[in-house]
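Printed here is work00.cif (mmCIF, C-alpha atoms and all ligand atoms):
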```cif
data_coords
#
loop_
_atom_site.label_atom_id
_atom_site.label_comp_id
_atom_site.auth_asym_id
_atom_site.auth_seq_id
_atom_site.Cartn_x
_atom_site.Cartn_y
_atom_site.Cartn_z
CA MET A 1 16.59 -26.31 -5.49
CA THR A 2 16.35 -26.26 -9.28
CA ALA A 3 15.84 -29.42 -11.33
CA ALA A 4 19.26 -28.91 -12.90
CA ALA A 5 20.87 -29.22 -9.46
CA LYS A 6 19.21 -32.59 -8.86
CA ARG A 7 20.19 -35.97 -10.26
CA ILE A 8 18.20 -36.94 -13.34
CA ILE A 9 16.89 -40.45 -12.78
CA LEU A 10 14.67 -40.90 -15.85
CA SER A 11 14.71 -39.13 -19.18
CA ALA A 12 13.03 -39.09 -22.54
CA GLU A 13 15.25 -37.97 -25.37
CA ALA A 14 13.70 -36.88 -28.68
CA LEU A 15 10.94 -39.51 -28.51
CA LEU A 16 8.71 -39.88 -31.51
CA LYS A 17 5.70 -42.17 -31.86
CA ALA A 18 3.22 -42.17 -34.72
CA PHE A 19 0.08 -44.24 -35.19
CA GLY A 20 -0.33 -44.40 -38.96
CA GLY A 21 -0.15 -40.79 -40.09
CA ASN A 22 -0.99 -39.44 -36.62
CA VAL A 23 2.11 -38.30 -34.74
CA ALA A 24 1.07 -38.76 -31.09
CA VAL A 25 4.46 -37.85 -29.58
CA GLN A 26 6.71 -35.58 -31.56
CA ASN A 27 10.37 -35.14 -30.66
CA VAL A 28 9.64 -35.04 -26.91
CA SER A 29 12.49 -34.62 -24.44
CA MET A 30 11.87 -34.52 -20.69
CA ALA A 31 14.09 -35.03 -17.67
CA PHE A 32 12.76 -36.32 -14.35
CA ALA A 33 14.82 -35.35 -11.32
CA GLU A 34 15.20 -37.63 -8.32
CA GLY A 35 12.64 -37.13 -5.57
CA ARG A 36 10.60 -34.55 -7.43
CA LEU A 37 6.98 -34.51 -8.53
CA HIS A 38 6.88 -33.67 -12.21
CA SER A 39 3.40 -33.27 -13.70
CA ILE A 40 2.45 -33.54 -17.33
CA LEU A 41 -0.43 -31.35 -18.39
CA GLY A 42 -2.16 -30.98 -21.72
CA PRO A 43 -5.54 -31.07 -23.42
CA ASN A 44 -7.14 -34.33 -24.54
CA GLY A 45 -5.14 -36.04 -27.26
CA ALA A 46 -1.96 -34.07 -26.43
CA GLY A 47 0.08 -37.29 -26.24
CA LYS A 48 0.48 -37.64 -22.45
CA THR A 49 -0.60 -41.27 -22.15
CA THR A 50 1.43 -42.23 -25.21
CA LEU A 51 4.48 -40.65 -23.56
CA PHE A 52 3.78 -42.67 -20.37
CA ASN A 53 3.53 -45.83 -22.46
CA LEU A 54 6.89 -45.02 -24.06
CA LEU A 55 8.51 -44.48 -20.64
CA THR A 56 7.17 -47.77 -19.26
CA LYS A 57 7.95 -49.56 -22.53
CA ASP A 58 4.33 -50.56 -23.04
CA LEU A 59 5.03 -48.90 -26.40
CA THR A 60 8.28 -48.70 -28.36
CA PRO A 61 9.22 -45.32 -29.84
CA ASP A 62 9.75 -45.00 -33.59
CA THR A 63 12.86 -42.95 -32.77
CA GLY A 64 14.44 -41.54 -29.62
CA THR A 65 15.83 -42.90 -26.38
CA VAL A 66 14.58 -43.61 -22.85
CA ARG A 67 17.25 -43.51 -20.14
CA LEU A 68 16.94 -44.84 -16.62
CA GLU A 69 19.78 -43.80 -14.32
CA GLY A 70 21.75 -42.90 -17.43
CA ALA A 71 21.40 -46.34 -19.06
CA ASP A 72 19.67 -46.70 -22.42
CA VAL A 73 16.57 -48.81 -21.67
CA THR A 74 14.74 -48.15 -24.95
CA GLY A 75 14.93 -51.81 -25.99
CA LEU A 76 13.73 -53.28 -22.69
CA LYS A 77 10.34 -54.92 -21.98
CA PRO A 78 7.88 -53.48 -19.41
CA HIS A 79 8.71 -56.15 -16.78
CA GLN A 80 12.42 -55.41 -17.16
CA ILE A 81 11.77 -51.70 -16.60
CA ALA A 82 9.62 -52.57 -13.57
CA ARG A 83 12.44 -54.66 -12.14
CA ARG A 84 14.68 -51.62 -12.40
CA GLY A 85 12.37 -49.67 -10.12
CA LEU A 86 9.74 -48.04 -12.31
CA SER A 87 6.10 -48.70 -11.40
CA ARG A 88 2.91 -47.28 -12.82
CA SER A 89 -0.73 -46.81 -11.93
CA TYR A 90 -3.37 -46.79 -14.61
CA GLN A 91 -6.11 -44.32 -15.58
CA ILE A 92 -8.64 -47.11 -15.30
CA SER A 93 -8.27 -48.75 -11.91
CA SER A 94 -6.49 -52.10 -12.22
CA VAL A 95 -7.07 -53.54 -8.73
CA TYR A 96 -8.92 -56.87 -8.42
CA LEU A 97 -12.41 -56.10 -7.20
CA ASP A 98 -13.18 -59.57 -5.79
CA MET A 99 -10.02 -59.67 -3.68
CA THR A 100 -9.73 -57.88 -0.34
CA ALA A 101 -7.66 -54.70 -0.09
CA ARG A 102 -4.88 -56.64 1.66
CA GLU A 103 -4.87 -59.42 -0.94
CA ASN A 104 -4.42 -56.84 -3.68
CA VAL A 105 -1.33 -55.42 -1.98
CA TRP A 106 -0.08 -58.93 -1.11
CA VAL A 107 0.41 -59.73 -4.76
CA ALA A 108 2.85 -56.82 -5.22
CA SER A 109 4.45 -57.44 -1.80
CA TYR A 110 5.04 -61.10 -2.61
CA ARG A 111 6.74 -60.18 -5.88
CA ALA A 112 8.88 -57.52 -4.15
CA LEU A 113 9.98 -59.91 -1.39
CA ALA A 114 10.40 -62.88 -3.71
CA GLY A 115 13.37 -60.99 -5.18
CA GLY A 116 14.96 -61.70 -1.79
CA ALA A 117 14.59 -65.51 -2.20
CA LEU A 118 11.36 -65.61 -0.22
CA VAL A 119 10.64 -69.06 -1.61
CA PHE A 120 13.28 -70.56 0.69
CA TRP A 121 11.76 -69.16 3.87
CA ARG A 122 9.66 -71.28 6.18
CA ARG A 123 6.06 -70.91 5.10
CA ALA A 124 4.87 -69.24 8.32
CA ASP A 125 7.75 -66.73 8.26
CA ARG A 126 7.19 -66.07 4.59
CA ASP A 127 3.48 -65.42 5.03
CA ALA A 128 4.11 -63.13 8.01
CA ALA A 129 6.76 -61.18 6.10
CA VAL A 130 4.46 -60.68 3.11
CA ARG A 131 1.59 -59.64 5.38
CA ASP A 132 3.79 -57.13 7.26
CA HIS A 133 5.04 -55.71 4.01
CA ALA A 134 1.52 -55.35 2.59
CA ASP A 135 0.22 -53.83 5.83
CA THR A 136 2.97 -51.21 5.79
CA TYR A 137 1.56 -49.84 2.54
CA LEU A 138 -2.09 -50.22 3.54
CA ARG A 139 -1.34 -48.22 6.70
CA ARG A 140 0.59 -45.62 4.75
CA LEU A 141 -2.39 -45.01 2.48
CA GLY A 142 -4.85 -44.94 5.40
CA LEU A 143 -6.50 -48.19 4.29
CA MET A 144 -5.85 -50.51 7.24
CA SER A 145 -9.46 -50.44 8.40
CA PHE A 146 -10.42 -51.87 4.99
CA ALA A 147 -7.71 -54.55 4.91
CA ASP A 148 -10.14 -57.48 4.94
CA VAL A 149 -12.92 -55.79 3.00
CA PRO A 150 -13.55 -56.93 -0.59
CA THR A 151 -12.22 -54.20 -2.85
CA LYS A 152 -15.55 -53.83 -4.66
CA GLU A 153 -17.04 -52.56 -1.38
CA LEU A 154 -14.53 -49.70 -1.12
CA SER A 155 -15.44 -46.23 -2.39
CA TYR A 156 -13.94 -45.36 -5.77
CA GLY A 157 -11.57 -42.94 -4.00
CA ASP A 158 -10.29 -45.68 -1.70
CA GLN A 159 -9.89 -47.99 -4.70
CA ARG A 160 -7.62 -45.37 -6.29
CA LEU A 161 -5.64 -45.15 -3.03
CA LEU A 162 -5.40 -48.93 -3.02
CA GLU A 163 -4.02 -48.75 -6.52
CA ILE A 164 -1.27 -46.43 -5.24
CA ALA A 165 -0.61 -48.83 -2.33
CA VAL A 166 -0.18 -51.67 -4.85
CA THR A 167 2.13 -49.49 -6.95
CA LEU A 168 4.27 -48.65 -3.88
CA ALA A 169 4.37 -52.25 -2.57
CA SER A 170 6.50 -53.24 -5.55
CA GLU A 171 9.14 -50.95 -3.97
CA PRO A 172 9.77 -48.71 -6.95
CA ARG A 173 11.98 -45.65 -6.99
CA ILE A 174 9.95 -43.98 -9.71
CA ILE A 175 6.17 -43.99 -9.86
CA LEU A 176 4.08 -42.92 -12.81
CA LEU A 177 0.56 -41.91 -11.86
CA ASP A 178 -2.01 -41.68 -14.64
CA GLU A 179 -4.80 -39.27 -13.63
CA PRO A 180 -4.92 -40.33 -9.97
CA THR A 181 -7.90 -38.08 -9.16
CA ALA A 182 -9.99 -38.86 -12.27
CA GLY A 183 -13.62 -39.49 -11.31
CA LEU A 184 -13.14 -38.62 -7.63
CA SER A 185 -15.30 -36.38 -5.46
CA ARG A 186 -13.82 -33.17 -4.10
CA GLN A 187 -13.22 -34.80 -0.73
CA GLU A 188 -11.59 -37.89 -2.24
CA THR A 189 -9.45 -35.67 -4.47
CA GLU A 190 -8.17 -33.82 -1.37
CA LYS A 191 -7.22 -37.11 0.26
CA VAL A 192 -5.41 -38.46 -2.80
CA LYS A 193 -3.64 -35.11 -3.24
CA ARG A 194 -2.35 -35.18 0.35
CA VAL A 195 -1.16 -38.78 -0.04
CA ILE A 196 0.76 -37.98 -3.24
CA ALA A 197 2.28 -34.83 -1.71
CA ALA A 198 3.52 -36.94 1.22
CA LEU A 199 5.32 -39.33 -1.17
CA LYS A 200 7.40 -36.55 -2.71
CA GLY A 201 11.08 -36.67 -1.90
CA GLU A 202 11.05 -40.37 -1.11
CA PHE A 203 9.93 -41.31 -4.61
CA THR A 204 10.39 -39.69 -7.99
CA ILE A 205 6.86 -39.11 -9.23
CA VAL A 206 5.66 -38.45 -12.76
CA MET A 207 1.97 -37.60 -12.86
CA ILE A 208 -0.57 -37.01 -15.60
CA GLU A 209 -3.39 -35.04 -14.03
CA HIS A 210 -6.21 -32.89 -15.36
CA ASN A 211 -7.17 -31.28 -12.06
CA MET A 212 -5.40 -27.93 -12.30
CA GLY A 213 -5.73 -27.19 -8.57
CA VAL A 214 -4.01 -30.46 -7.66
CA VAL A 215 -1.24 -29.97 -10.22
CA MET A 216 -0.50 -26.37 -9.23
CA GLU A 217 -0.52 -27.12 -5.53
CA ILE A 218 1.73 -30.17 -5.26
CA SER A 219 3.98 -30.26 -8.36
CA ASP A 220 7.63 -29.27 -8.21
CA GLU A 221 7.71 -28.85 -11.95
CA ILE A 222 5.30 -29.11 -14.85
CA SER A 223 5.67 -29.94 -18.52
CA VAL A 224 2.82 -28.97 -20.82
CA MET A 225 2.13 -30.90 -24.02
CA ASN A 226 -0.03 -29.95 -26.96
CA ARG A 227 -0.46 -31.90 -30.21
CA GLY A 228 2.33 -34.29 -29.33
CA ALA A 229 4.95 -31.67 -28.47
CA VAL A 230 6.21 -30.05 -25.26
CA ILE A 231 5.16 -26.40 -25.35
CA ALA A 232 6.32 -25.33 -21.88
CA HIS A 233 8.24 -26.49 -18.83
CA GLY A 234 8.68 -24.78 -15.49
CA SER A 235 7.51 -24.32 -11.92
CA PRO A 236 3.76 -24.08 -11.20
CA ALA A 237 4.06 -20.28 -11.00
CA GLU A 238 5.92 -20.13 -14.33
CA ILE A 239 3.35 -22.35 -16.03
CA GLN A 240 0.43 -20.39 -14.64
CA GLY A 241 1.84 -17.19 -16.12
CA ASN A 242 2.83 -18.70 -19.47
CA LYS A 243 0.91 -17.19 -22.38
CA THR A 244 1.48 -20.07 -24.83
CA VAL A 245 0.08 -22.47 -22.23
CA GLN A 246 -2.94 -20.29 -21.58
CA GLU A 247 -3.71 -20.17 -25.30
CA ALA A 248 -3.22 -23.88 -25.92
CA TYR A 249 -4.64 -25.25 -22.73
CA PHE A 250 -7.21 -22.78 -21.53
CA GLY A 251 -8.21 -21.53 -24.98
CA GLY A 252 -6.85 -17.99 -24.69
N1 LIG A 301 -3.10 -47.12 -29.91
C1 LIG A 301 -3.38 -46.04 -30.65
N2 LIG A 301 -3.69 -46.17 -31.95
C2 LIG A 301 -3.95 -45.09 -32.73
N3 LIG A 301 -3.92 -43.81 -32.27
C3 LIG A 301 -3.62 -43.64 -30.97
C4 LIG A 301 -3.34 -44.73 -30.09
N4 LIG A 301 -3.06 -44.23 -28.85
C5 LIG A 301 -3.18 -42.89 -28.96
N5 LIG A 301 -3.50 -42.53 -30.23
C6 LIG A 301 -3.68 -41.16 -30.72
O1 LIG A 301 -2.54 -40.41 -30.31
C7 LIG A 301 -2.91 -39.10 -29.91
C8 LIG A 301 -2.45 -38.86 -28.46
O2 LIG A 301 -3.26 -39.66 -27.57
P1 LIG A 301 -2.95 -39.81 -26.03
O3 LIG A 301 -3.92 -40.80 -25.48
O4 LIG A 301 -1.51 -40.06 -25.83
O5 LIG A 301 -3.30 -38.34 -25.51
P2 LIG A 301 -3.56 -37.84 -24.02
O6 LIG A 301 -2.85 -36.53 -23.91
O7 LIG A 301 -3.17 -38.89 -23.06
O8 LIG A 301 -5.13 -37.62 -23.99
P3 LIG A 301 -6.18 -37.79 -22.77
O9 LIG A 301 -5.95 -36.63 -21.86
O10 LIG A 301 -7.50 -37.70 -23.47
O11 LIG A 301 -5.94 -39.14 -22.13
C9 LIG A 301 -4.41 -38.99 -30.09
O12 LIG A 301 -4.66 -38.40 -31.34
C10 LIG A 301 -4.87 -40.45 -30.09
O13 LIG A 301 -6.03 -40.62 -30.85
#
```
Would it be possible to restate this file's structure as structure tokens?
Amino acid sequence: MTAAAKRIILSAEALLKAFGGNVAVQNVSMAFAEGRLHSILGPNGAGKTTLFNLLTKDLTPDTGTVRLEGADVTGLKPHQIARRGLSRSYQISSVYLDMTARENVWVASYRALAGGALVFWRRADRDAAVRDHADTYLRRLGLMSFADVPTKELSYGDQRLLEIAVTLASEPRIILLDEPTAGLSRQETEKVKRVIAALKGEFTIVMIEHNMGVVMEISDEISVMNRGAVIAHGSPAEIQGNKTVQEAYFGG
């Protein structure tokens, strides 16, 4: 199915962001279709992270519009965007190293369930519900055997998986993954790749990723940025054969 045939859940429309005289994101428009994995590629400094920050409202664009389910959300704060179902993982792992794996997911689970007036539940029921919720995501990411292990004792790859578990436990509809395989071994990269591929369809995923093999294998569509602008958009096969991309990204 083509992207055009799918419902657009999130979109960037003519976004522009400059830092002083440096235009980091230049008139960028992108549409993210429901249930698809859309990767953003580009060399260092292309503007990918700035675009993420504009989508999550960690940054405000100088001009342009961000739409979530058709509504203009450009003026909203990050927590308001999160409440509307958009959750993000960071390039630098943001899990708490002194907490156990389960405790890390608990925090997001508690927030997700608290939306359902969790505070009024009996304490034992509440704690069991939060634990069940957290365990669902630990299991899903293959981390149950580490549930009670302090996060600092997990391998870096498992810490990145835990980060995805935390992201999912907030029950988003859209997840933004910032370089999920950065710094991982080949084996860990394979594992993270399989996990992300399994989330496709259920979640809309936007992913910045430098590992070309991962991007080409699991993406439904790819946008390529260079010097703040989008220079190509298409399927993995279309991007692989695109001459402009080869010149900009692979140096010729
Ligand atoms: N807070 C900031 N202040 C000033 N300049 C910034 C800021 N954030 C980003 N930039 C600049 O904007 C441009 C785009 O940076 P950005 O981090 O978005 O690129 P990127 O594609 O994510 O790169 P990388 O792959 O290295 O993470 C760069 O020239 C960068 O130096």
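Within 7 Å of segment 74-80 of chain A, once all atoms listed in the file are used and residues closer than 4 positions along the same chain are dropped, the contacting residues are Thr56, Lys57, Asp58, Thr65, Val66 and Arg84 of chain A.
Across the model, the gap from atom CA of Gly35 of chain A to atom P2 of ligand LIG 301 (chain A) is 24.6 Å.
Our summary of the geometry notes that atom CA of Gly142 of chain A is positioned 29.3 Å from atom CA of Lys48 of chain A.
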The distance between atom CA of Arg111 of chain A and atom CA of Leu10 of chain A is 23.1 Å
Would you list the residues that come within 10 Å of ligand LIG 301 (chain A)? Count all atoms listed in the file and give the answer as a ChimeraX atom specification. /A:17-25,40-54,59,91,178-179,208-210,224-228
Please return as a PyMOL selection string every residue within 8 Å of (6.0, -64.2, -1.5), taking into account only C-alpha atoms and the file's own coordinates. chain A and resi 107+109-114+118-119+126-127+130
Output C-alpha atoms for every residue in the selection just made, as a PDB file, in the frame of the given file.
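Final output, saved to out_27.pdb:
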```pdb
ATOM      1  CA  VAL A 107       0.410 -59.730  -4.760  1.00  0.00           C
ATOM      2  CA  SER A 109       4.450 -57.440  -1.800  1.00  0.00           C
ATOM      3  CA  TYR A 110       5.040 -61.100  -2.610  1.00  0.00           C
ATOM      4  CA  ARG A 111       6.740 -60.180  -5.880  1.00  0.00           C
ATOM      5  CA  ALA A 112       8.880 -57.520  -4.150  1.00  0.00           C
ATOM      6  CA  LEU A 113       9.980 -59.910  -1.390  1.00  0.00           C
ATOM      7  CA  ALA A 114      10.400 -62.880  -3.710  1.00  0.00           C
ATOM      8  CA  LEU A 118      11.360 -65.610  -0.220  1.00  0.00           C
ATOM      9  CA  VAL A 119      10.640 -69.060  -1.610  1.00  0.00           C
ATOM     10  CA  ARG A 126       7.190 -66.070   4.590  1.00  0.00           C
ATOM     11  CA  ASP A 127       3.480 -65.420   5.030  1.00  0.00           C
ATOM     12  CA  VAL A 130       4.460 -60.680   3.110  1.00  0.00           C
TER      13      VAL A 130
END
```
If you count all atoms listed in the file, which residues fall within 9 Å of Asp98 of chain A, apart from same-chain ones fewer than 3 positions away, as number ranges by chain? A: 150-152
Please determine, counting all atoms listed in the file, which residue among A:Leu37, A:Val166, A:Ile231, A:Val245 has the shortest atom-to-atom distance to Tyr96 of chain A.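 So, comparing all the options, the nearest one is A:Val166.
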